[in-house]
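These notes are about the structure you will find just below.
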Amino acid sequence: MTPALHLEALTKKFGEKVAVDGLDLALEPGAFLGLLGRNGAGKSTTLKMVTGLLKPTSGRIRVLGLDLEADPLAVKRQIGAMPEDMALLDMLTGPQYLRFVGRMYGMPDALIDGRREELFDALDLAPGPKTLIADYSFGMKKKVALCAALIHGPQVVFLDEPFEGIDPVTSRTIKDILQSLQQRGVTLVLTSHILEVVEKLCPLIAILDEGRLKGFGPLDELRRGGESLEQLFVDLVGGGQKGALSWL
Ligand SMILES: Nc1ncnc2c1ncn2[C@@H]1O[C@H](COP(=O)(O)OP(=O)(O)OP(=O)(O)O)[C@@H](O)[C@H]1O
Ligand SMILES: [Mg+2]
């Protein structure tokens, strides 16, 4: 079967710094991967490369069999992405921004508005009609970014820290939405530091450390000893215990 996502020796260097170091990974269609790693491990850099926001130094990315470098537009039609910085247009209202995004995908306005209303309703997002995204709360911006990632019905979805700054009620809704997407055969990759969420949501785990894959596989297989995901994470990438601060 053609993998939904296929990375071969994917590498990104920033000067001397190797942020992503020869990543090999293949995901079947319908997979739901939790990409974990400490701050600076290379998660966002990886997602930026697979969504075409950042050019790899070397290596190959294929999405649903399409080569990202050779055919970037064909890939972008198939994917939905929520980047780390959300990349919203602050001087638009949420509905205006989603019109902009939907039109880029060639969607008619009525379809965009209908889906946007459903998404806003599901996420309890009810901004004032004239309020600009610049004046939305952090969580509201996150919700708009999630709407933008999903509005065109993508086959592969990449979400960078979708649960950070999101309230518990909305978190549950987002989990339900993501699970129903997976049930419909959509492939999902998310990063998160909230291990309880990852544990519940993602049957497949990849743990990055200094740009390299330290662990990859079904969660149940990775923690054969029955340990928690947190323990597995610390065992694979944890540094030693740091001492107390000298002045406290
Ligand atoms: N544009 C850039 N220029 C220079 N270095 C960069 C750039 N982007 C990322 N890096 C470096 O690459 C490494 C990986 O960063 P990245 O943002 O991918 O980490 P991350 O795993 O997403 O971390 P976090 O959990 O904190 O979001 C870091 O050392 C970071 O400083
Ligand atoms: Mg990051």
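Each chain in the structure tokens gets a letter, A, B, ..., in the order shown, and its residues are numbered from 1; ligands are numbered from 1 in order too.
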Please identify all polymer residues within 10 Å of A:Gly217, counting only C-alpha atoms, omitting same-chain residues fewer than 5 positions from it, and present them as a VMD selection string.
-> chain A and resid 33 203 to 207 222 to 223
With C-alpha atoms retained, could you export that selection as a PDB file, in the first residue's frame?
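Wrote result-v2.pdb, looks like this:
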ATOM      1  CA  LEU A  33       0.881   9.447  14.977  1.00  0.00           C
ATOM      2  CA  PRO A 203      -2.092   4.491  18.637  1.00  0.00           C
ATOM      3  CA  LEU A 204       1.279   5.203  17.015  1.00  0.00           C
ATOM      4  CA  ILE A 205       4.151   7.092  18.645  1.00  0.00           C
ATOM      5  CA  ALA A 206       7.412   8.558  17.396  1.00  0.00           C
ATOM      6  CA  ILE A 207       9.904   9.999  19.857  1.00  0.00           C
ATOM      7  CA  LEU A 222       6.853   0.520  22.837  1.00  0.00           C
ATOM      8  CA  ARG A 223       5.838   0.193  26.462  1.00  0.00           C
TER       9      ARG A 223
END
For A:Thr2, list every protein, DNA or RNA residue within 10 Å, evaluated using only C-alpha atoms, and leave out those in the same chain fewer than 2 positions away; present the list as a PyMOL selection string.
-> chain A and resi 4-6+26-29+62-66
At a cut-off of 7 Å and counting only C-alpha atoms and all ligand atoms, what residues surround ligand 1? Please answer as a PDB file with N, CA and C atoms, in the first residue's frame.
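pocket15.pdb was written with the following content:
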ATOM      1  N   PHE A  14      20.470  24.039  10.230  1.00  0.00           N
ATOM      2  CA  PHE A  14      20.501  25.503  10.326  1.00  0.00           C
ATOM      3  C   PHE A  14      21.946  25.854  10.648  1.00  0.00           C
ATOM      4  N   LYS A  17      23.883  23.659  13.163  1.00  0.00           N
ATOM      5  CA  LYS A  17      22.888  22.912  13.954  1.00  0.00           C
ATOM      6  C   LYS A  17      22.111  21.933  13.066  1.00  0.00           C
ATOM      7  N   ALA A  19      18.976  20.109  12.963  1.00  0.00           N
ATOM      8  CA  ALA A  19      17.697  20.092  13.696  1.00  0.00           C
ATOM      9  C   ALA A  19      16.954  18.788  13.457  1.00  0.00           C
ATOM     10  N   GLY A  37       8.848  14.641  21.787  1.00  0.00           N
ATOM     11  CA  GLY A  37      10.261  14.981  21.943  1.00  0.00           C
ATOM     12  C   GLY A  37      10.381  16.210  22.823  1.00  0.00           C
ATOM     13  N   ARG A  38      11.553  16.373  23.405  1.00  0.00           N
ATOM     14  CA  ARG A  38      11.768  17.515  24.288  1.00  0.00           C
ATOM     15  C   ARG A  38      11.797  18.818  23.482  1.00  0.00           C
ATOM     16  N   ASN A  39      11.784  19.940  24.167  1.00  0.00           N
ATOM     17  CA  ASN A  39      11.900  21.231  23.480  1.00  0.00           C
ATOM     18  C   ASN A  39      13.167  21.224  22.639  1.00  0.00           C
ATOM     19  N   GLY A  40      13.012  21.608  21.383  1.00  0.00           N
ATOM     20  CA  GLY A  40      14.178  21.672  20.505  1.00  0.00           C
ATOM     21  C   GLY A  40      14.553  20.351  19.839  1.00  0.00           C
ATOM     22  N   ALA A  41      13.700  19.326  20.011  1.00  0.00           N
ATOM     23  CA  ALA A  41      14.038  17.997  19.463  1.00  0.00           C
ATOM     24  C   ALA A  41      13.935  17.946  17.942  1.00  0.00           C
ATOM     25  N   GLY A  42      13.169  18.871  17.349  1.00  0.00           N
ATOM     26  CA  GLY A  42      13.042  18.886  15.891  1.00  0.00           C
ATOM     27  C   GLY A  42      11.631  18.580  15.387  1.00  0.00           C
ATOM     28  N   LYS A  43      10.662  18.587  16.283  1.00  0.00           N
ATOM     29  CA  LYS A  43       9.281  18.245  15.887  1.00  0.00           C
ATOM     30  C   LYS A  43       8.702  19.289  14.925  1.00  0.00           C
ATOM     31  N   SER A  44       8.749  20.555  15.336  1.00  0.00           N
ATOM     32  CA  SER A  44       8.164  21.603  14.485  1.00  0.00           C
ATOM     33  C   SER A  44       8.907  21.713  13.166  1.00  0.00           C
ATOM     34  N   THR A  45      10.220  21.566  13.217  1.00  0.00           N
ATOM     35  CA  THR A  45      11.011  21.631  11.978  1.00  0.00           C
ATOM     36  C   THR A  45      10.561  20.519  11.025  1.00  0.00           C
ATOM     37  N   THR A  46      10.333  19.326  11.571  1.00  0.00           N
ATOM     38  CA  THR A  46       9.859  18.210  10.739  1.00  0.00           C
ATOM     39  C   THR A  46       8.505  18.549  10.122  1.00  0.00           C
TER      40      THR A  46
END
As a ChimeraX atom specification, list the residues of stretch 8-228 of chain A assigned to strand (DSSP E) by DSSP on the backbone atoms of this structure.
-> /A:8-14,17-27,32-37,58-63,66-67,79-82,156-160,187-191,204-209,212-218
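For the set A:Leu178, A:Ala9, A:Met107, A:Leu245, the residue with the smallest atom-to-atom gap to A:Val198 is A:Leu178, counting only C-alpha atoms.
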Counting only C-alpha atoms, what is within 8 Å of A:Gln78, bar same-chain residues fewer than 5 positions away, as a list in words?
->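 Skipping anything fewer than 5 positions along the chain leaves Pro154, Gln155 and Val156 of chain A.
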With N, CA and C atoms kept, could you save the residues just selected as a tab-separated table (two decimals), in the first residue's frame?
chain	number	residue	atom	x	y	z
A	154	PRO	N	-9.07	17.70	4.25
A	154	PRO	CA	-7.80	17.10	3.82
A	154	PRO	C	-7.72	15.61	4.14
A	155	GLN	N	-6.85	14.91	3.39
A	155	GLN	CA	-6.64	13.46	3.60
A	155	GLN	C	-5.54	13.20	4.62
A	156	VAL	N	-4.64	14.17	4.78
A	156	VAL	CA	-3.54	14.03	5.74
A	156	VAL	C	-3.47	15.34	6.52
Pick out the closest residue to ligand 2 from this set: A:Gly106, A:Gly34, A:Pro83, A:Gly225. Count only C-alpha atoms and all ligand atoms.
->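 Going through A:Gly106, A:Gly34, A:Pro83, A:Gly225 one by one, the smallest distance to ligand 2 is for A:Pro83.
Between ligand 2 and the residues A:Gln231, A:Ser246, A:Thr191, A:Ser58, the shortest atom-to-atom distance, using only C-alpha atoms and all ligand atoms, involves A:Thr191.
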Contacts of A:Glu117 at 9 Å (only C-alpha atoms; same-chain gap of 5+ positions) as a ChimeraX atom specification = /A:95,112,122
Residue nearest A:Leu10 - candidates A:Glu118, A:Asp176, A:Leu213, A:Leu201, atoms counted: only C-alpha atoms |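 Answer, going by the shortest atom-to-atom distance: A:Leu213.
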May I have the residues within 12 Å of A:Asp90 as a list in words, using only C-alpha atoms and disregarding those fewer than 5 positions away in the same chain?
-> Pro95, Gln96, Tyr97, Thr131, Leu132, Ile133, Ala134, Asp135, Tyr136, Ser137, Lys141, Val144 and Ala145 of chain A
Would you save the residues from that selection as a compact mmCIF listing (two decimals), in the first residue's frame, using N, CA and C atoms?
# COMPACT_ATOMS: atom_id res chain seq x y z
N PRO A 95 -14.05 34.61 10.31
CA PRO A 95 -14.78 34.19 9.10
C PRO A 95 -14.11 34.68 7.81
N GLN A 96 -13.58 35.92 7.84
CA GLN A 96 -12.89 36.42 6.63
C GLN A 96 -11.65 35.57 6.32
N TYR A 97 -10.92 35.23 7.37
CA TYR A 97 -9.71 34.43 7.17
C TYR A 97 -10.05 33.06 6.58
N THR A 131 -14.76 41.51 15.38
CA THR A 131 -13.49 41.35 16.11
C THR A 131 -12.42 40.75 15.20
N LEU A 132 -11.27 41.41 15.15
CA LEU A 132 -10.16 40.92 14.33
C LEU A 132 -9.43 39.80 15.05
N ILE A 133 -8.82 38.91 14.27
CA ILE A 133 -8.07 37.79 14.87
C ILE A 133 -7.01 38.32 15.84
N ALA A 134 -6.44 39.49 15.53
CA ALA A 134 -5.44 40.09 16.42
C ALA A 134 -5.98 40.24 17.84
N ASP A 135 -7.29 40.44 17.97
CA ASP A 135 -7.88 40.65 19.30
C ASP A 135 -8.52 39.38 19.87
N TYR A 136 -8.38 38.26 19.20
CA TYR A 136 -8.87 36.99 19.75
C TYR A 136 -7.95 36.58 20.91
N SER A 137 -8.50 35.78 21.83
CA SER A 137 -7.65 35.18 22.87
C SER A 137 -6.75 34.13 22.23
N LYS A 141 -7.48 31.87 18.80
CA LYS A 141 -6.61 31.83 17.61
C LYS A 141 -6.29 30.38 17.24
N VAL A 144 -9.20 28.90 15.44
CA VAL A 144 -9.30 29.35 14.04
C VAL A 144 -8.26 28.61 13.19
N ALA A 145 -7.07 28.44 13.76
CA ALA A 145 -6.01 27.74 13.01
C ALA A 145 -6.43 26.29 12.74
Using DSSP on the backbone, list every residue of stretch 37-244 of chain A that comes out as alpha helix (DSSP H), and give them as a PyMOL selection string.
-> chain A and resi 43-50+72-78+94-104+109-122+138-150+168-183+195-201+219-222+229-237
Work out how far atom CA of A:Thr11 is from atom CA of A:Tyr105, in Å to one decimal.
->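 That distance, rounded to one decimal, is 29.1 Å.
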Interatomic distance (Å, one decimal) between atom CA of A:Glu84 and atom CA of A:Lys143 =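 One can read the atom CA of A:Glu84 to atom CA of A:Lys143 distance as 13.0 Å.
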Nearest to ligand 2 by atom-to-atom distance, counting only C-alpha atoms and all ligand atoms, from A:Val234, A:Leu92, A:Met82, A:Leu111 =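 Selected residue with least distance to ligand 2: A:Met82.
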What is the distance between atom CA of A:Ser192 and atom CA of A:Glu161, in Å to one decimal?
->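 We find that atom CA of A:Ser192 and atom CA of A:Glu161 lie 4.8 Å from each other.
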If we count only C-alpha atoms, what is near A:Leu232 at a cut-off of 12 Å, once residues fewer than 2 positions away on the same chain are taken out, given as a ChimeraX atom specification?
-> /A:36-37,195,199,205-207,214-216,219-230,234-238
Spatial neighbours of A:Phe163, 9 Å, only C-alpha atoms, chain gap at least 5 places, as a VMD selection string = chain A and resid 142 170 to 171 174 192 to 194 197
